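Text of input22.csv, listed as CSV, C-alpha atoms:
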```csv
chain,number,residue,atom,x,y,z
O,1,ASP,CA,4.9,35.4,-18.7
O,2,THR,CA,3.9,37.8,-16.0
O,3,ALA,CA,0.6,39.4,-16.7
O,4,VAL,CA,1.0,42.6,-14.6
O,5,SER,CA,4.6,43.5,-13.6
O,6,GLN,CA,5.9,46.2,-11.4
O,7,THR,CA,9.4,47.5,-10.8
O,8,PRO,CA,11.0,47.8,-8.4
O,9,LYS,CA,9.6,45.3,-5.9
O,10,TYR,CA,11.2,47.0,-3.0
O,11,LEU,CA,12.1,50.7,-2.7
O,12,VAL,CA,13.8,52.2,0.4
O,13,THR,CA,14.5,55.9,0.2
O,14,GLN,CA,14.8,59.0,2.4
O,15,MET,CA,12.3,61.7,3.1
O,16,GLY,CA,12.3,64.4,0.5
O,17,ASN,CA,13.5,62.3,-2.4
O,18,ASP,CA,11.6,61.7,-5.6
O,19,LYS,CA,10.9,58.2,-6.9
O,20,SER,CA,9.0,56.4,-9.6
O,21,ILE,CA,7.3,53.0,-9.8
O,22,LYS,CA,6.7,51.4,-13.2
O,23,CYS,CA,3.9,49.1,-14.2
O,24,GLU,CA,3.4,47.1,-17.4
O,25,GLN,CA,0.6,44.7,-18.4
O,26,ASN,CA,0.7,42.3,-21.3
O,27,LEU,CA,-3.0,41.3,-21.2
O,28,GLY,CA,-4.1,43.8,-23.8
O,29,HIS,CA,-6.4,45.5,-21.2
O,30,ASP,CA,-7.7,49.0,-21.7
O,31,THR,CA,-7.8,50.1,-18.1
O,32,MET,CA,-5.0,50.4,-15.4
O,33,TYR,CA,-5.1,51.3,-11.8
O,34,TRP,CA,-2.8,52.3,-8.9
O,35,TYR,CA,-3.8,51.3,-5.4
O,36,LYS,CA,-2.1,52.0,-2.0
O,37,GLN,CA,-2.3,49.3,0.7
O,38,ASP,CA,-1.4,50.4,4.2
O,39,SER,CA,0.0,48.3,7.0
O,40,LYS,CA,-3.5,47.2,8.1
O,41,LYS,CA,-4.1,45.9,4.5
O,42,PHE,CA,-6.6,48.5,3.8
O,43,LEU,CA,-6.8,49.1,0.0
O,44,LYS,CA,-7.3,52.5,-1.4
O,45,ILE,CA,-7.7,53.4,-5.1
O,46,MET,CA,-5.5,56.3,-6.2
O,47,PHE,CA,-5.8,56.6,-10.0
O,48,SER,CA,-7.2,54.8,-13.0
O,49,TYR,CA,-6.6,55.3,-16.7
O,50,ASN,CA,-8.7,54.0,-19.5
O,51,ASN,CA,-7.1,54.1,-22.9
O,52,LYS,CA,-4.5,56.5,-21.6
O,53,GLU,CA,-7.1,58.9,-20.2
O,54,LEU,CA,-7.3,59.7,-16.5
O,55,ILE,CA,-10.7,58.6,-15.3
O,56,ILE,CA,-10.3,58.2,-11.5
O,57,ASN,CA,-8.3,60.7,-9.5
O,58,GLU,CA,-9.0,60.1,-5.9
O,59,THR,CA,-8.0,62.5,-3.1
O,60,VAL,CA,-4.3,62.0,-3.0
O,61,PRO,CA,-1.6,64.6,-2.5
O,62,ASN,CA,-0.5,66.2,-5.7
O,63,ARG,CA,3.0,65.0,-5.0
O,64,PHE,CA,1.7,61.8,-6.7
O,65,SER,CA,1.5,62.0,-10.4
O,66,PRO,CA,0.6,59.1,-12.7
O,67,LYS,CA,1.7,58.9,-16.3
O,68,SER,CA,0.4,56.5,-19.0
O,69,PRO,CA,2.7,56.6,-22.0
O,70,ASP,CA,0.6,53.9,-23.7
O,71,LYS,CA,-2.2,51.5,-22.8
O,72,ALA,CA,0.2,48.9,-21.5
O,73,HIS,CA,2.1,51.1,-19.1
O,74,LEU,CA,1.1,53.2,-16.1
O,75,ASN,CA,3.9,54.7,-14.0
O,76,LEU,CA,3.6,56.5,-10.7
O,77,HIS,CA,5.9,59.3,-9.8
O,78,ILE,CA,6.1,60.6,-6.2
O,79,ASN,CA,7.8,63.9,-5.3
O,80,SER,CA,9.1,64.9,-1.9
O,81,LEU,CA,8.5,61.6,-0.2
O,82,GLU,CA,7.1,61.6,3.3
O,83,LEU,CA,7.1,59.0,6.1
O,84,GLY,CA,3.4,58.5,5.6
O,85,ASP,CA,3.9,57.4,2.0
O,86,SER,CA,5.4,54.1,3.2
O,87,ALA,CA,3.0,51.4,2.0
O,88,VAL,CA,2.7,48.7,-0.6
O,89,TYR,CA,1.6,50.1,-4.0
O,90,PHE,CA,-0.3,47.8,-6.4
O,91,CYS,CA,-0.8,48.3,-10.1
O,92,ALA,CA,-3.8,46.5,-11.6
O,93,SER,CA,-5.5,46.2,-15.0
O,94,SER,CA,-8.9,45.2,-16.4
O,95,GLN,CA,-10.7,45.1,-19.6
O,96,GLN,CA,-14.2,46.7,-20.0
O,97,GLY,CA,-16.8,44.2,-20.9
O,98,GLN,CA,-14.8,41.2,-19.8
O,99,GLY,CA,-16.2,40.2,-16.4
O,100,ASP,CA,-14.9,43.2,-14.4
O,101,GLU,CA,-12.0,41.2,-13.0
O,102,GLN,CA,-9.0,43.3,-12.0
O,103,TYR,CA,-5.5,41.7,-12.4
O,104,PHE,CA,-3.0,42.8,-9.8
O,105,GLY,CA,0.7,43.1,-10.0
O,106,PRO,CA,2.9,41.8,-7.2
O,107,GLY,CA,3.2,45.1,-5.5
O,108,THR,CA,6.0,47.6,-4.7
O,109,ARG,CA,6.9,48.0,-1.0
O,110,LEU,CA,7.9,51.6,-0.5
O,111,THR,CA,9.7,52.4,2.8
O,112,VAL,CA,10.5,56.1,3.5
O,113,THR,CA,13.1,56.7,6.3
X,114,GLY,CA,-23.6,55.6,-0.6
X,115,ASN,CA,-22.1,52.3,-1.6
X,116,SER,CA,-20.1,50.5,1.0
X,117,VAL,CA,-18.8,47.0,1.9
X,118,THR,CA,-18.4,45.8,5.5
X,119,GLN,CA,-16.4,42.7,6.4
X,120,MET,CA,-15.9,40.9,9.7
X,121,GLU,CA,-12.8,42.0,11.4
X,122,GLY,CA,-9.9,39.7,11.6
X,123,PRO,CA,-7.8,37.9,12.2
X,124,VAL,CA,-9.9,34.8,12.0
X,125,THR,CA,-7.9,31.8,13.4
X,126,LEU,CA,-9.0,28.3,12.7
X,127,SER,CA,-7.6,24.8,12.8
X,128,GLU,CA,-7.1,22.8,9.7
X,129,GLU,CA,-10.3,21.1,8.3
X,130,ALA,CA,-12.5,23.5,10.2
X,131,PHE,CA,-15.5,25.2,8.6
X,132,LEU,CA,-14.9,28.8,7.5
X,133,THR,CA,-17.3,31.7,7.2
X,134,ILE,CA,-16.2,35.3,6.5
X,135,ASN,CA,-19.1,37.7,6.7
X,136,CYS,CA,-19.5,40.4,4.1
X,137,THR,CA,-22.5,42.8,3.9
X,138,TYR,CA,-23.0,45.6,1.5
X,139,THR,CA,-24.9,48.8,0.9
X,140,ALA,CA,-25.6,49.7,-2.7
X,141,THR,CA,-27.9,51.2,-5.2
X,142,GLY,CA,-29.4,48.5,-7.3
X,143,TYR,CA,-27.7,45.1,-7.6
X,144,PRO,CA,-24.1,45.4,-8.4
X,145,SER,CA,-21.7,42.5,-9.1
X,146,LEU,CA,-20.0,41.2,-6.0
X,147,PHE,CA,-16.5,39.7,-5.6
X,148,TRP,CA,-14.2,38.0,-3.3
X,149,TYR,CA,-10.5,38.5,-3.8
X,150,VAL,CA,-7.6,36.7,-2.0
X,151,GLN,CA,-4.2,38.0,-1.2
X,152,TYR,CA,-1.6,35.4,-0.3
X,153,PRO,CA,1.4,36.6,1.7
X,154,GLY,CA,3.8,38.8,-0.3
X,155,GLU,CA,1.6,38.8,-3.4
X,156,GLY,CA,-1.0,40.9,-5.2
X,157,LEU,CA,-4.7,40.3,-5.0
X,158,GLN,CA,-6.4,37.7,-7.2
X,159,LEU,CA,-10.0,37.1,-8.0
X,160,LEU,CA,-11.4,34.1,-6.0
X,161,LEU,CA,-15.0,34.2,-7.1
X,162,LYS,CA,-17.8,36.5,-8.1
X,163,ALA,CA,-21.6,36.7,-8.5
X,164,THR,CA,-23.3,39.1,-10.9
X,165,LYS,CA,-26.9,38.9,-9.8
X,166,ALA,CA,-29.1,38.1,-6.9
X,167,ASP,CA,-29.2,34.4,-5.9
X,168,ASP,CA,-26.1,33.6,-7.9
X,169,LYS,CA,-23.5,31.4,-6.2
X,170,GLY,CA,-19.9,31.9,-7.0
X,171,SER,CA,-17.5,29.1,-6.3
X,172,ASN,CA,-13.8,28.3,-6.8
X,173,LYS,CA,-11.1,26.2,-5.0
X,174,GLY,CA,-13.8,24.9,-2.6
X,175,PHE,CA,-14.9,28.4,-1.6
X,176,GLU,CA,-18.5,29.5,-2.1
X,177,ALA,CA,-20.5,32.7,-1.7
X,178,THR,CA,-24.1,33.4,-2.5
X,179,TYR,CA,-25.5,36.8,-3.5
X,180,ARG,CA,-28.4,37.4,-1.1
X,181,LYS,CA,-30.3,40.6,-1.8
X,182,GLU,CA,-32.7,40.1,1.2
X,183,THR,CA,-29.9,40.3,3.7
X,184,THR,CA,-27.5,42.3,1.4
X,185,SER,CA,-24.8,39.8,2.1
X,186,PHE,CA,-22.2,37.8,0.2
X,187,HIS,CA,-20.6,35.6,2.9
X,188,LEU,CA,-17.6,33.5,2.0
X,189,GLU,CA,-17.6,29.8,3.1
X,190,LYS,CA,-15.5,26.8,2.8
X,191,GLY,CA,-16.2,23.4,4.3
X,192,SER,CA,-12.7,22.3,5.2
X,193,VAL,CA,-9.8,24.8,5.3
X,194,GLN,CA,-6.2,24.0,4.8
X,195,VAL,CA,-3.0,25.8,6.0
X,196,SER,CA,-2.5,27.0,2.4
X,197,ASP,CA,-5.8,29.0,2.7
X,198,SER,CA,-4.0,31.4,5.1
X,199,ALA,CA,-4.3,34.8,3.4
X,200,VAL,CA,-6.2,38.1,3.5
X,201,TYR,CA,-9.7,38.0,1.9
X,202,PHE,CA,-11.4,41.0,0.4
X,203,CYS,CA,-15.0,41.5,-0.4
X,204,ALA,CA,-15.8,44.1,-3.1
X,205,LEU,CA,-18.7,45.4,-5.1
X,206,LYS,CA,-18.7,46.9,-8.6
X,207,TYR,CA,-19.4,50.6,-8.3
X,208,SER,CA,-18.8,51.7,-11.9
X,209,ASN,CA,-17.3,50.4,-15.0
X,210,TYR,CA,-13.9,51.3,-13.6
X,211,GLN,CA,-14.2,51.1,-9.9
X,212,LEU,CA,-14.7,48.6,-7.1
X,213,ILE,CA,-15.7,49.4,-3.6
X,214,TRP,CA,-13.5,47.3,-1.3
X,215,GLY,CA,-14.0,45.9,2.2
X,216,ALA,CA,-11.3,46.3,4.8
X,217,GLY,CA,-10.0,42.8,4.3
X,218,THR,CA,-10.1,39.8,6.7
X,219,LYS,CA,-6.9,38.0,7.6
X,220,LEU,CA,-7.4,34.2,7.9
X,221,ILE,CA,-4.9,32.1,9.8
X,222,ILE,CA,-5.1,28.3,9.6
X,223,LYS,CA,-3.1,26.3,12.1
X,224,PRO,CA,-2.1,22.7,11.4
```
Encoded form using C-alpha cells:
Amino acid sequence: DTAVSQTPKYLVTQMGNDKSIKCEQNLGHDTMYWYKQDSKKFLKIMFSYNNKELIINETVPNRFSPKSPDKAHLNLHINSLELGDSAVYFCASSQQGQGDEQYFGPGTRLTVT
Amino acid sequence: GNSVTQMEGPVTLSEEAFLTINCTYTATGYPSLFWYVQYPGEGLQLLLKATKADDKGSNKGFEATYRKETTSFHLEKGSVQVSDSAVYFCALKYSNYQLIWGAGTKLIIKP
C-alpha cells in the first residue's frame, strides 16, 4: 500500500488554465505539506496543515490554494497557470511526536506550455 | 536565522570510492538534523538523522555525526555503489512542523 499518493503523476497544461493536484496519506498522520521543487532540485515549502488547520503559508502567489477536506487529504488548486509554475510538486506528511520524519509522495510533474 | 548549506554538486565518483558530502548549519540551539535522499523520479525519503550533539546517524552504510563545535553534519560512506546515485538533502528541524532544507547535492557514481 502506498503511504503518500498523489494524482496525477504528470500534468501538462496551457497557460491560463486552472488545475488541481490531489494528495492522500494512509499513515494516520496529523500534518501534511506541499512542496515545490524547481529544475535545480531546490525544495521550497508552500503550505502545511495540521489537523486540517493551515499552519504554514509561505510566500506563494494567491493563485495557489490548498484545501484539506480531512486529515488524510490535502489538495492543491492552482488558478491561471503561468510558465513559472512548471515544477515538481511534492506532498508529504508527518506525525507530531514521532521522530519528525516527513514521508513524501512520488511527486506531480507540472508542465505549463 | 536558521540555515543549511550543502556542498554544490554534482559530485562524481567511481564505484567503491569514499564519499563525503558536506553540510553545515546555522541555528538557534541544537535542532535535530537529517539527511534525506531522492532517487531519480521519486520523492524524498529519510536516510538518517541525529537528534543531539555527538549523535551519529547511520543507515545503508551512510553515516553522519552531529558536531556542534563545527556546526556540521557531513554525510559519509566508505564505498559507494552505482545505486547510490541520487540527490542528497541536508535539513534541520526548525519547528514542530517545518524543516529548513539545504539546496541538495547531486551524486553520480560511475561503474
Show me, as a tab-separated table, the residues of chain X having an atom within 7 Å of chain O, each with the closest atom pair and its distance in Å, using all atoms listed in the file.
```
residue	atom	partner	partner_atom	distance
X:Glu155	CA	O:Pro106	CA	5.0
X:Gly156	CA	O:Pro106	CA	4.5
X:Leu157	CA	O:Phe104	CA	5.7
X:Gln158	CA	O:Tyr103	CA	6.6
X:Leu159	CA	O:Glu101	CA	6.8
X:Asn209	CA	O:Gln96	CA	6.9
X:Ala216	CA	O:Phe42	CA	5.3
X:Gly217	CA	O:Phe42	CA	6.7
```
Within 12 Å of region 165-176 of chain X, counting all atoms listed in the file, which residues qualify if same-chain residues fewer than 6 places away don't, as a ChimeraX atom specification? /X:131-134,142-150,158-159,182-194,196-197,201,205-206
Dump as an MDAnalysis selection string all residues having an atom at most 6 Å from (-20.6, 49.1, 4.8), computed in the file's coordinates with only C-alpha atoms. chainID X and resid 116:118 138:139
A straight line from CA of Tyr10 (chain O) to CA of Pro69 (chain O) spans 22.9 Å
Go through O:Glu58, O:Glu24, O:Asp38, O:Asp30 one by one, measure the shortest atom-to-atom distance of each to Thr111 (chain O) using all atoms listed in the file, and give the residue with the smallest value. O:Asp38
Neighbouring residues of Leu83 (chain O) were defined as those with any atom within 7 Å, considering all atoms listed in the file; residues of the same chain fewer than 3 positions away were excluded. Please report them as an NGL selection string. :O and (15 or 86 or 112-113)
Separation of CA of Gln25 (chain O) and CA of His73 (chain O), in Å? 6.6 Å
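Pairwise distance (CA of Gln119 (chain X), CA of Leu110 (chain O)) equals 26.8 Å.
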Which is closer to Tyr35 (chain O) than all the others in O:Ala72, O:Val12, O:Cys23, O:Ala3, using all atoms listed in the file? O:Cys23
Surrounding residues of Ser127 (chain X) excluding itself and chain neighbours under 6 positions, 9 Å, all atoms listed in the file, as a PyMOL selection string: chain X and resi 193-195+221-224
One residue among X:Thr137, X:Ser198, X:Asn115, X:Thr164 is nearest to Gln211 (chain X) when using only C-alpha atoms, and that residue is X:Asn115
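Of the residues under consideration (X:Leu160, X:Cys136, X:Val200, X:Leu212), X:Val200 shows the shortest atom-to-atom contact distance to Gly122 (chain X) when counting all atoms listed in the file.
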Any chance you could model all heavy atoms for region 62-73 of chain O and send them as a PDB file, in the coordinates of the input?
```pdb
ATOM      1  N   ASN O  62      -0.972  66.014  -4.345  1.00  0.00           N
ATOM      2  CA  ASN O  62      -0.500  66.200  -5.700  1.00  0.00           C
ATOM      3  C   ASN O  62       0.972  65.961  -5.888  1.00  0.00           C
ATOM      4  O   ASN O  62       1.521  66.188  -6.984  1.00  0.00           O
ATOM      5  CB  ASN O  62      -0.917  67.612  -6.235  1.00  0.00           C
ATOM      6  CG  ASN O  62      -0.380  68.718  -5.350  1.00  0.00           C
ATOM      7  OD1 ASN O  62       0.518  68.486  -4.536  1.00  0.00           O
ATOM      8  ND2 ASN O  62      -0.925  69.902  -5.493  1.00  0.00           N
ATOM      9  N   ARG O  63       1.621  65.467  -4.849  1.00  0.00           N
ATOM     10  CA  ARG O  63       3.000  65.000  -5.000  1.00  0.00           C
ATOM     11  C   ARG O  63       3.000  63.658  -5.803  1.00  0.00           C
ATOM     12  O   ARG O  63       4.042  63.228  -6.280  1.00  0.00           O
ATOM     13  CB  ARG O  63       3.614  64.697  -3.626  1.00  0.00           C
ATOM     14  CG  ARG O  63       3.720  65.927  -2.741  1.00  0.00           C
ATOM     15  CD  ARG O  63       4.356  65.601  -1.392  1.00  0.00           C
ATOM     16  NE  ARG O  63       3.520  64.733  -0.567  1.00  0.00           N
ATOM     17  CZ  ARG O  63       3.730  63.434  -0.416  1.00  0.00           C
ATOM     18  NH1 ARG O  63       4.761  62.835  -1.006  1.00  0.00           N
ATOM     19  NH2 ARG O  63       2.954  62.713   0.369  1.00  0.00           N
ATOM     20  N   PHE O  64       1.821  63.031  -5.898  1.00  0.00           N
ATOM     21  CA  PHE O  64       1.700  61.800  -6.700  1.00  0.00           C
ATOM     22  C   PHE O  64       1.210  62.134  -8.061  1.00  0.00           C
ATOM     23  O   PHE O  64       0.154  62.766  -8.214  1.00  0.00           O
ATOM     24  CB  PHE O  64       0.679  60.845  -5.997  1.00  0.00           C
ATOM     25  CG  PHE O  64       1.152  60.259  -4.704  1.00  0.00           C
ATOM     26  CD1 PHE O  64       1.104  61.011  -3.533  1.00  0.00           C
ATOM     27  CD2 PHE O  64       1.636  58.965  -4.648  1.00  0.00           C
ATOM     28  CE1 PHE O  64       1.545  60.461  -2.325  1.00  0.00           C
ATOM     29  CE2 PHE O  64       2.063  58.416  -3.453  1.00  0.00           C
ATOM     30  CZ  PHE O  64       2.019  59.166  -2.297  1.00  0.00           C
ATOM     31  N   SER O  65       1.956  61.685  -9.068  1.00  0.00           N
ATOM     32  CA  SER O  65       1.500  62.000 -10.400  1.00  0.00           C
ATOM     33  C   SER O  65       1.659  60.710 -11.279  1.00  0.00           C
ATOM     34  O   SER O  65       2.756  60.159 -11.429  1.00  0.00           O
ATOM     35  CB  SER O  65       2.317  63.125 -11.041  1.00  0.00           C
ATOM     36  OG  SER O  65       3.696  62.876 -10.939  1.00  0.00           O
ATOM     37  N   PRO O  66       0.529  60.248 -11.807  1.00  0.00           N
ATOM     38  CA  PRO O  66       0.600  59.100 -12.700  1.00  0.00           C
ATOM     39  C   PRO O  66       0.888  59.535 -14.112  1.00  0.00           C
ATOM     40  O   PRO O  66       0.612  60.679 -14.493  1.00  0.00           O
ATOM     41  CB  PRO O  66      -0.849  58.545 -12.603  1.00  0.00           C
ATOM     42  CG  PRO O  66      -1.674  59.759 -12.349  1.00  0.00           C
ATOM     43  CD  PRO O  66      -0.833  60.738 -11.595  1.00  0.00           C
ATOM     44  N   LYS O  67       1.447  58.589 -14.877  1.00  0.00           N
ATOM     45  CA  LYS O  67       1.700  58.900 -16.300  1.00  0.00           C
ATOM     46  C   LYS O  67       1.464  57.580 -17.070  1.00  0.00           C
ATOM     47  O   LYS O  67       1.988  56.526 -16.690  1.00  0.00           O
ATOM     48  CB  LYS O  67       3.120  59.352 -16.519  1.00  0.00           C
ATOM     49  CG  LYS O  67       3.327  60.818 -16.265  1.00  0.00           C
ATOM     50  CD  LYS O  67       4.548  61.359 -16.979  1.00  0.00           C
ATOM     51  CE  LYS O  67       4.645  62.850 -16.868  1.00  0.00           C
ATOM     52  NZ  LYS O  67       4.725  63.327 -15.493  1.00  0.00           N
ATOM     53  N   SER O  68       0.709  57.694 -18.148  1.00  0.00           N
ATOM     54  CA  SER O  68       0.400  56.500 -19.000  1.00  0.00           C
ATOM     55  C   SER O  68       0.914  56.780 -20.378  1.00  0.00           C
ATOM     56  O   SER O  68       0.207  57.371 -21.198  1.00  0.00           O
ATOM     57  CB  SER O  68      -1.094  56.248 -18.974  1.00  0.00           C
ATOM     58  OG  SER O  68      -1.381  55.101 -19.742  1.00  0.00           O
ATOM     59  N   PRO O  69       2.118  56.342 -20.713  1.00  0.00           N
ATOM     60  CA  PRO O  69       2.700  56.600 -22.000  1.00  0.00           C
ATOM     61  C   PRO O  69       1.928  55.815 -23.137  1.00  0.00           C
ATOM     62  O   PRO O  69       1.890  56.259 -24.289  1.00  0.00           O
ATOM     63  CB  PRO O  69       4.115  56.141 -21.935  1.00  0.00           C
ATOM     64  CG  PRO O  69       4.151  55.223 -20.754  1.00  0.00           C
ATOM     65  CD  PRO O  69       3.067  55.655 -19.834  1.00  0.00           C
ATOM     66  N   ASP O  70       1.372  54.671 -22.772  1.00  0.00           N
ATOM     67  CA  ASP O  70       0.600  53.900 -23.700  1.00  0.00           C
ATOM     68  C   ASP O  70      -0.350  52.991 -22.881  1.00  0.00           C
ATOM     69  O   ASP O  70      -0.242  52.946 -21.662  1.00  0.00           O
ATOM     70  CB  ASP O  70       1.416  53.081 -24.685  1.00  0.00           C
ATOM     71  CG  ASP O  70       2.401  52.171 -23.979  1.00  0.00           C
ATOM     72  OD1 ASP O  70       1.967  51.348 -23.168  1.00  0.00           O
ATOM     73  OD2 ASP O  70       3.615  52.307 -24.226  1.00  0.00           O
ATOM     74  N   LYS O  71      -1.231  52.255 -23.552  1.00  0.00           N
ATOM     75  CA  LYS O  71      -2.200  51.500 -22.800  1.00  0.00           C
ATOM     76  C   LYS O  71      -1.626  50.383 -21.940  1.00  0.00           C
ATOM     77  O   LYS O  71      -2.247  49.934 -21.004  1.00  0.00           O
ATOM     78  CB  LYS O  71      -3.165  50.786 -23.857  1.00  0.00           C
ATOM     79  CG  LYS O  71      -4.334  51.623 -24.274  1.00  0.00           C
ATOM     80  CD  LYS O  71      -5.189  50.967 -25.351  1.00  0.00           C
ATOM     81  CE  LYS O  71      -5.310  49.470 -25.261  1.00  0.00           C
ATOM     82  NZ  LYS O  71      -6.307  48.945 -26.218  1.00  0.00           N
ATOM     83  N   ALA O  72      -0.419  49.958 -22.263  1.00  0.00           N
ATOM     84  CA  ALA O  72       0.200  48.900 -21.500  1.00  0.00           C
ATOM     85  C   ALA O  72       1.014  49.299 -20.326  1.00  0.00           C
ATOM     86  O   ALA O  72       1.477  48.456 -19.560  1.00  0.00           O
ATOM     87  CB  ALA O  72       1.073  48.035 -22.471  1.00  0.00           C
ATOM     88  N   HIS O  73       1.188  50.593 -20.158  1.00  0.00           N
ATOM     89  CA  HIS O  73       2.100  51.100 -19.100  1.00  0.00           C
ATOM     90  C   HIS O  73       1.374  52.184 -18.294  1.00  0.00           C
ATOM     91  O   HIS O  73       0.686  53.048 -18.842  1.00  0.00           O
ATOM     92  CB  HIS O  73       3.355  51.670 -19.695  1.00  0.00           C
ATOM     93  CG  HIS O  73       4.207  50.650 -20.376  1.00  0.00           C
ATOM     94  ND1 HIS O  73       3.999  50.280 -21.689  1.00  0.00           N
ATOM     95  CD2 HIS O  73       5.240  49.903 -19.920  1.00  0.00           C
ATOM     96  CE1 HIS O  73       4.895  49.359 -22.020  1.00  0.00           C
ATOM     97  NE2 HIS O  73       5.659  49.110 -20.975  1.00  0.00           N
TER      98      HIS O  73
END
```
